[in-house]
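Participant: Just passing along the structure, written as structure tokens.
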2 protein chains.
Amino acid sequence: MTAPKKPGIRDVAQLAGVSPATVSQILNNKLKGSTETRRRVIEAVTELGYAPDPLYRDAVLQRNAGGRVRHQVIAFISLENIHEQAAAADGFYSLILSGIQRGVAKGNYGLLLKPSSVHQDLMPDFVLEKKVDGVLVEGGFNDAWREELTRRIPTCFVFNSFSRTNANSVSPNMAKAIHDSMEYLVDLGHRNLLTLSPARSHHHQALIQGLDQFFSQSNLPRCQHQLEELHGITTPNHDAFLHEYARKIARQIRSKKPGQRPTALFTGDIYALSLLRAFRELGVRVPEEISVVGFDDTLAALYSDPQLTSYRLPLTAIGTTAVEVLLQQIDDPDRPPRHIILDGKLIERASVSTPPQP
Amino acid sequence: MTAPKKPGIRDVAQLAGVSPATVSQILNNKLKGSTETRRRVIEAVTELGYAPDPLYRDAVLQRNAGGRVRHQVIAFISLENIHEQAAAADGFYSLILSGIQRGVAKGNYGLLLKPSSVHQDLMPDFVLEKKVDGVLVEGGFNDAWREELTRRIPTCFVFNSFSRTNANSVSPNMAKAIHDSMEYLVDLGHRNLLTLSPARSHHHQALIQGLDQFFSQSNLPRCQHQLEELHGITTPNHDAFLHEYARKIARQIRSKKPGQRPTALFTGDIYALSLLRAFRELGVRVPEEISVVGFDDTLAALYSDPQLTSYRLPLTAIGTTAVEVLLQQIDDPDRPPRHIILDGKLIERASVSTPPQP
DNA sequence: GAGTGGTTTCTTGTCGATGAAGTAAACAGT
DNA sequence: ACTGTTTACTTCATCGACAAGAAACCACTC
């Protein structure tokens, strides 16, 4: 081999007859330089095809410029094993992720996903290694961890809002979501409501709170509401299991006396859609006999029969906004943290009507 | 300020009374070291809380080890603006991406998404800056670009297979997909088939080829087949437009004389689902009057009425496999490139039957 | 006991890009 | 001519890793 060694800054400097530092400074526009020297340096650079080693560049800048190197990359940490959940391509993560992608594309940033590392060490390695400019976090360990993270690097919490942590967050207005959905049904005359929620879902806690709030505030003495937890649901895509589960619940509901029977259901879209299917099979008419309101407004809600009325969380907007907030924080680290709460809206379709007359 | 400067390797060396190189070597297990020296070094490290600057570390290793640094990160380039397409959370990209995420999680790698940069410069910056260990590419410019990329960095092409480029690829068996779907319908007795395909879709070219191949090979003289291109469809999520489009097509189909009328349709899931809805509105019974086969097997296919028979492309598997292939290439750069083609399968549900008797 | 060969242990010097600090010269104003 | 200011460039220091070399040590032989 002729050993085509990559030229370093010293080679350029030697060829141009100046010191390495001069080359560096001229290339970085830190130094105007005389016309002649400048010309010689540029010439030498082009002749040797010199390009500074970006790795060294970053390393030196990191130290000298007080750690303010831009990698043009942010990371997205999900503490709920995004890669598994993402298998439910219709869901949740895909939509948030899609919003995030749109955001980073707009800001010309890259997005780093590194699923598992956070559980092993307490702090993800790309944070320790300073290879990203900021972090988006879904979910979030404990207060101490979040504060440590926020101290080290610009951070924005996505979907969850931690009031005790002094960091950016962008989250949906869950209280309003539940309030609006319930109010919608109650206003139509429904007085016997059933909410179904997988015990381990993301919304579960917020749901319980929101429901409590609604039913304690609104003065509806004769309104009955029941919350039923769904158990054993780990992979929402497992269709057969879900189908069976839905049939069981549908039969359970049908078997109740008309007075006791709920006239309206509220649950996540895929459960709602499964129930729609189960009702169809059992000959229970929707919405005439029972109204169904979904939660999430998945694409499938459009194509079911009847089309599913569903509450749409602003998931994509959450992702995009979170990126914007984070990038602003990166640009100005001293900016006070913001807590942004985005409202969703109920998409009215065909699975809801007034309750059946007794 | 007490200036809590981060300790460098020199500080450790001084405290331990050895040279910096000794510290480095002991820390990297390049040197056994005498028990005494070793103890002093370790002690000094723990006392100062020393950790090598990972940026410098990478930079130096990059040079000395002949560019064989592991960042434990691979990148995914999509030349079709993934962030826009991903908005169709149900689709395509989400599923491939989900497979990719599963793959990188398994290999304990990170995934870097950087949507737009590839169009600006010819070569994405994270390749030039050697910040990733490999690249997954969806789509792909031209032969020269692909060869240049392959030369620089381990690469695996996803979804598309470029026979002329000497690089890894993982792609679906489109020919088989179309063949199986068509054969399924023909075997049931259908002789008048209609395929609908958006002119700008990913599958379009492959679809045309696959159809030609099937109908020229299979000896079905009385079989009529028509391919209709859908135009103006850019954002598959635009429901109102799609709905209107579907109604138009459904009316068009219904207006034909029974002899001329196609008895089976083949098209992408969201078009198929929209058509199912349009048929329902127009009182055309599926599958009694017309059979519908979808393509993609989205989640929504489960919840439509009737449930949609659809061809499932192995999208998630493509993503996962592509990552595996790429990681193997990274581990052994001299490994000959592989072209993997994965078969999908037809998921039979309720939207297909034998054709109506005349 | 001194010389020889071999191994282990540790140091010196180098790599790369850059900012801080320093030098030398030109230049302007009084 | 003296002083202050700007300009042009150099020297120095910095990070971590490693090749190459120095130094110390051991084993064995004559």
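Residue numbers start at 1 in each chain; chains themselves are named A, B, ... in the order of the structure tokens; ligands are numbered from 1 in the order shown.
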If we count only C-alpha atoms (C1' of nucleotides), which residues of chain C reach to within 9 Å of chain B? Please list them as a PyMOL selection string.

Facilitator: chain C and resi 8-11+15-16

Participant: Produce a file of the selected residues containing C-alpha atoms (C1' of nucleotides), as an mmCIF file, in the first residue's frame.

Facilitator:
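selection32.cif, written as the output of this step:
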```cif
data_model
loop_
_atom_site.group_PDB
_atom_site.id
_atom_site.type_symbol
_atom_site.label_atom_id
_atom_site.label_comp_id
_atom_site.auth_asym_id
_atom_site.auth_seq_id
_atom_site.Cartn_x
_atom_site.Cartn_y
_atom_site.Cartn_z
ATOM 1 C "C1'" DT C 8 7.542 -7.204 33.269
ATOM 2 C "C1'" DT C 9 6.749 -2.428 34.553
ATOM 3 C "C1'" DC C 10 6.531 2.062 33.750
ATOM 4 C "C1'" DT C 11 7.755 6.618 31.049
ATOM 5 C "C1'" DC C 15 -1.494 12.254 17.706
ATOM 6 C "C1'" DG C 16 -5.657 15.991 16.610
#
```

Participant: Pull out every residue of chain A sitting within 7 Å of chain B, counting only C-alpha atoms, and send them as a short mmCIF file (atom, residue, chain, number, x, y, z; two decimals) with N, CA and C atoms, in the first residue's frame.

Facilitator:
```
data_model
loop_
_atom_site.label_atom_id
_atom_site.label_comp_id
_atom_site.auth_asym_id
_atom_site.auth_seq_id
_atom_site.Cartn_x
_atom_site.Cartn_y
_atom_site.Cartn_z
N PRO A 54 -13.97 15.21 12.98
CA PRO A 54 -15.12 15.72 13.75
C PRO A 54 -15.16 15.22 15.19
N LEU A 55 -14.57 14.07 15.42
CA LEU A 55 -14.59 13.53 16.77
C LEU A 55 -13.69 14.35 17.70
N TYR A 56 -12.50 14.65 17.21
CA TYR A 56 -11.60 15.48 18.00
C TYR A 56 -12.19 16.86 18.18
N ALA A 59 -14.65 16.87 20.84
CA ALA A 59 -14.04 16.65 22.14
C ALA A 59 -13.40 17.92 22.67
N HIS A 83 -40.18 -0.30 22.54
CA HIS A 83 -40.12 -1.21 21.40
C HIS A 83 -41.21 -2.26 21.45
N ALA A 86 -44.53 -0.33 20.86
CA ALA A 86 -44.59 0.17 19.50
C ALA A 86 -45.12 -0.87 18.53
N ALA A 87 -45.08 -2.10 18.98
CA ALA A 87 -45.63 -3.16 18.15
C ALA A 87 -47.10 -2.89 17.88
N ALA A 89 -48.77 -0.76 16.51
CA ALA A 89 -48.38 0.35 15.65
C ALA A 89 -49.47 1.41 15.58
N ASP A 90 -50.65 1.01 15.96
CA ASP A 90 -51.74 1.95 15.87
C ASP A 90 -51.68 2.94 17.01
N SER A 94 -46.51 5.29 18.73
CA SER A 94 -46.31 5.65 17.33
C SER A 94 -46.72 7.08 17.09
N LEU A 95 -47.81 7.48 17.68
CA LEU A 95 -48.30 8.83 17.43
C LEU A 95 -47.41 9.88 18.09
N SER A 98 -44.26 9.92 16.22
CA SER A 98 -44.45 10.59 14.95
C SER A 98 -44.41 12.10 15.12
N GLN A 101 -40.80 13.03 15.72
CA GLN A 101 -40.04 13.02 14.47
C GLN A 101 -40.30 14.26 13.65
N ARG A 102 -41.55 14.67 13.63
CA ARG A 102 -41.87 15.88 12.89
C ARG A 102 -41.12 17.06 13.50
N ALA A 105 -37.39 16.97 12.78
CA ALA A 105 -37.15 17.27 11.38
C ALA A 105 -37.20 18.77 11.15
N TYR A 109 -32.78 18.44 13.75
CA TYR A 109 -32.08 17.64 14.74
C TYR A 109 -32.26 16.16 14.41
N GLY A 110 -31.41 15.35 14.98
CA GLY A 110 -31.57 13.91 14.88
C GLY A 110 -32.22 13.40 16.15
N LEU A 111 -32.75 12.21 16.04
CA LEU A 111 -33.43 11.63 17.20
C LEU A 111 -32.78 10.29 17.53
N LEU A 112 -32.37 10.14 18.77
CA LEU A 112 -31.74 8.90 19.19
C LEU A 112 -32.67 8.11 20.08
N LEU A 113 -32.94 6.89 19.69
CA LEU A 113 -33.75 6.01 20.52
C LEU A 113 -32.86 4.93 21.09
N LYS A 114 -32.89 4.78 22.39
CA LYS A 114 -32.09 3.72 22.99
C LYS A 114 -32.88 3.10 24.12
N PRO A 115 -33.58 2.06 23.78
CA PRO A 115 -34.64 1.56 24.63
C PRO A 115 -34.23 1.11 26.03
N SER A 116 -33.27 0.23 26.11
CA SER A 116 -33.17 -0.55 27.33
C SER A 116 -32.20 -0.01 28.37
N GLU A 129 -22.21 10.38 28.36
CA GLU A 129 -21.18 10.61 27.36
C GLU A 129 -21.38 11.90 26.60
N LEU A 273 -63.49 -1.19 20.35
CA LEU A 273 -63.72 -1.80 19.04
C LEU A 273 -63.98 -3.30 19.19
N SER A 274 -63.26 -3.92 20.08
CA SER A 274 -63.49 -5.34 20.34
C SER A 274 -64.89 -5.56 20.87
N ARG A 277 -67.51 -5.32 18.21
CA ARG A 277 -67.56 -6.58 17.47
C ARG A 277 -68.34 -7.63 18.26
N LEU A 299 -57.00 4.92 14.17
CA LEU A 299 -57.47 4.91 12.79
C LEU A 299 -58.63 3.94 12.61
N ALA A 300 -58.57 2.85 13.34
CA ALA A 300 -59.58 1.81 13.20
C ALA A 300 -60.97 2.31 13.57
N TYR A 303 -63.31 2.97 10.68
CA TYR A 303 -63.77 1.92 9.77
C TYR A 303 -64.64 0.87 10.44
N SER A 304 -64.90 1.06 11.72
CA SER A 304 -65.75 0.10 12.38
C SER A 304 -67.21 0.38 12.01
N ASP A 305 -68.09 -0.56 12.36
CA ASP A 305 -69.51 -0.35 12.13
C ASP A 305 -70.25 -0.55 13.43
#
```

Participant: Contacts between chain B and chain D, please, where a residue of chain D counts if it comes within 12 Å (with only C-alpha atoms (C1' of nucleotides)); show its shortest atom pair and distance in Å to one decimal, rows by chain and ascending number, as CSV.

Facilitator:
```
residue,atom,partner,partner_atom,distance
D:DT14,C1',B:Gly8,CA,9.6
D:DC15,C1',B:Tyr56,CA,6.1
D:DG16,C1',B:Arg57,CA,5.5
D:DA17,C1',B:Val60,CA,6.0
D:DC18,C1',B:Asn64,CA,7.4
D:DA19,C1',B:Asn64,CA,9.9
```

Participant: Export, as a PDB file, in the first residue's frame, the selected residues with C-alpha atoms (C1' of nucleotides).

Facilitator:
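In the end it all went to part.pdb:
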```pdb
ATOM      1  C1'  DT D  14      -5.374  20.265  27.060  1.00  0.00           C
ATOM      2  C1'  DC D  15      -7.875  15.690  26.758  1.00  0.00           C
ATOM      3  C1'  DG D  16      -7.005  10.010  26.489  1.00  0.00           C
ATOM      4  C1'  DA D  17      -4.724   6.263  24.163  1.00  0.00           C
ATOM      5  C1'  DC D  18      -0.910   3.951  22.492  1.00  0.00           C
ATOM      6  C1'  DA D  19       3.748   2.881  20.140  1.00  0.00           C
TER       7       DA D  19
END
```

Participant: By how many Å are atom CA of B:Arg191 and atom CA of B:Ala264 apart?

Facilitator: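 Taking atom CA of B:Arg191 and atom CA of B:Ala264, their separation equals 8.4 Å.
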
Participant: If we count only C-alpha atoms (C1' of nucleotides) and set the cut-off at 12 Å, which residues sit around stretch 340-346 of chain A, ignoring sequence neighbours fewer than 3 positions away in its own chain? Please answer as a ChimeraX atom specification.

Facilitator: /A:156-163,167-185,293-297,308-322,324-326,337,349,352

Participant: Counting only C-alpha atoms, which of A:Ala199, A:Leu193, A:Ala13, A:Val186 gets nearest to A:Leu220?

Facilitator: A:Val186

Participant: With only C-alpha atoms (C1' of nucleotides) as the counted atoms, please give the residues lying no more than 12 Å from B:Phe141, apart from itself and same-chain residues fewer than 5 positions off, as a list in words.

Facilitator: Ile77, Ser78, Leu79, Glu80, Val118, His119, Leu122, Met123, Arg146, Glu147, Glu148, Leu149, Phe157, Asn160, Phe162 and Thr165 of chain B

Participant: For atom C1' of C:DA25 and atom C1' of D:DT10, determine how far apart the two atoms are, in Å to one decimal place.

Facilitator: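 The value is 13.1 Å.
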
Participant: Quick check for you: according to DSSP on this backbone, which residues of stretch 26-222 of chain A are classed as helix (DSSP H, G or I)? Reply as a ChimeraX atom specification.

Facilitator: /A:26-27,35-48,54-64,82-85,92-106,117-120,125-128,143-152,174-187,204-217

Participant: As a list of chain:residue names, which residues of stretch 92-216 of chain A does DSSP assign to strand (DSSP E or B)?

Facilitator: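 The residues of stretch 92-216 of chain A classed as strand (DSSP E or B) are A:Gly110, A:Leu111, A:Leu112, A:Leu113, A:Gly134, A:Val135, A:Leu136, A:Val137, A:Glu138, A:Thr155, A:Cys156, A:Phe157, A:Val158, A:Asn168, A:Ser169, A:Val170, A:Ser171, A:Pro172, A:Asn192, A:Leu193, A:Leu194, A:Thr195, A:Leu196, A:Ser197, A:Pro198.
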
Participant: Just to be explicit: take each residue in the selection above, keep N, CA and C atoms, and write the result as an mmCIF file, in the first residue's frame.

Facilitator:
```cif
data_model
loop_
_atom_site.group_PDB
_atom_site.id
_atom_site.type_symbol
_atom_site.label_atom_id
_atom_site.label_comp_id
_atom_site.auth_asym_id
_atom_site.auth_seq_id
_atom_site.Cartn_x
_atom_site.Cartn_y
_atom_site.Cartn_z
ATOM 1 N N GLY A 110 -31.406 15.355 14.983
ATOM 2 C CA GLY A 110 -31.573 13.911 14.884
ATOM 3 C C GLY A 110 -32.221 13.396 16.151
ATOM 4 N N LEU A 111 -32.753 12.209 16.044
ATOM 5 C CA LEU A 111 -33.425 11.625 17.201
ATOM 6 C C LEU A 111 -32.782 10.293 17.531
ATOM 7 N N LEU A 112 -32.366 10.145 18.772
ATOM 8 C CA LEU A 112 -31.737 8.903 19.188
ATOM 9 C C LEU A 112 -32.674 8.109 20.085
ATOM 10 N N LEU A 113 -32.939 6.890 19.694
ATOM 11 C CA LEU A 113 -33.755 6.014 20.518
ATOM 12 C C LEU A 113 -32.863 4.933 21.090
ATOM 13 N N GLY A 134 -30.075 17.081 24.307
ATOM 14 C CA GLY A 134 -31.228 17.154 25.185
ATOM 15 C C GLY A 134 -31.937 15.820 25.233
ATOM 16 N N VAL A 135 -32.843 15.685 26.167
ATOM 17 C CA VAL A 135 -33.524 14.413 26.337
ATOM 18 C C VAL A 135 -35.029 14.608 26.488
ATOM 19 N N LEU A 136 -35.742 13.798 25.777
ATOM 20 C CA LEU A 136 -37.187 13.700 25.953
ATOM 21 C C LEU A 136 -37.451 12.445 26.768
ATOM 22 N N VAL A 137 -38.267 12.564 27.786
ATOM 23 C CA VAL A 137 -38.493 11.416 28.641
ATOM 24 C C VAL A 137 -39.980 11.100 28.756
ATOM 25 N N GLU A 138 -40.305 9.858 28.496
ATOM 26 C CA GLU A 138 -41.671 9.409 28.712
ATOM 27 C C GLU A 138 -41.660 8.530 29.948
ATOM 28 N N THR A 155 -33.976 18.859 29.502
ATOM 29 C CA THR A 155 -34.904 17.741 29.547
ATOM 30 C C THR A 155 -36.333 18.226 29.340
ATOM 31 N N CYS A 156 -37.115 17.415 28.690
ATOM 32 C CA CYS A 156 -38.545 17.690 28.642
ATOM 33 C C CYS A 156 -39.306 16.390 28.839
ATOM 34 N N PHE A 157 -40.178 16.381 29.815
ATOM 35 C CA PHE A 157 -40.974 15.185 30.059
ATOM 36 C C PHE A 157 -42.196 15.169 29.159
ATOM 37 N N VAL A 158 -42.413 14.012 28.588
ATOM 38 C CA VAL A 158 -43.462 13.884 27.598
ATOM 39 C C VAL A 158 -44.589 13.046 28.164
ATOM 40 N N ASN A 168 -39.209 20.962 32.211
ATOM 41 C CA ASN A 168 -40.234 21.101 31.191
ATOM 42 C C ASN A 168 -41.095 19.852 31.123
ATOM 43 N N SER A 169 -42.345 20.057 30.772
ATOM 44 C CA SER A 169 -43.182 18.907 30.485
ATOM 45 C C SER A 169 -44.283 19.309 29.514
ATOM 46 N N VAL A 170 -44.674 18.351 28.709
ATOM 47 C CA VAL A 170 -45.803 18.548 27.803
ATOM 48 C C VAL A 170 -46.712 17.344 27.982
ATOM 49 N N SER A 171 -47.914 17.595 28.397
ATOM 50 C CA SER A 171 -48.793 16.482 28.701
ATOM 51 C C SER A 171 -50.224 16.783 28.264
ATOM 52 N N PRO A 172 -51.002 15.737 28.101
ATOM 53 C CA PRO A 172 -52.391 15.942 27.706
ATOM 54 C C PRO A 172 -53.237 16.299 28.912
ATOM 55 N N ASN A 192 -76.315 5.579 33.748
ATOM 56 C CA ASN A 192 -75.666 4.357 34.218
ATOM 57 C C ASN A 192 -74.467 4.060 33.321
ATOM 58 N N LEU A 193 -73.309 4.427 33.836
ATOM 59 C CA LEU A 193 -72.116 4.407 32.990
ATOM 60 C C LEU A 193 -71.125 3.345 33.454
ATOM 61 N N LEU A 194 -70.423 2.793 32.493
ATOM 62 C CA LEU A 194 -69.385 1.819 32.827
ATOM 63 C C LEU A 194 -68.087 2.214 32.134
ATOM 64 N N THR A 195 -67.038 2.269 32.914
ATOM 65 C CA THR A 195 -65.721 2.555 32.346
ATOM 66 C C THR A 195 -64.847 1.321 32.505
ATOM 67 N N LEU A 196 -64.177 0.955 31.431
ATOM 68 C CA LEU A 196 -63.283 -0.206 31.477
ATOM 69 C C LEU A 196 -61.863 0.275 31.246
ATOM 70 N N SER A 197 -60.959 -0.177 32.072
ATOM 71 C CA SER A 197 -59.577 0.283 31.917
ATOM 72 C C SER A 197 -58.608 -0.815 32.313
ATOM 73 N N PRO A 198 -57.651 -1.106 31.442
ATOM 74 C CA PRO A 198 -56.645 -2.092 31.819
ATOM 75 C C PRO A 198 -55.848 -1.581 33.017
#
```
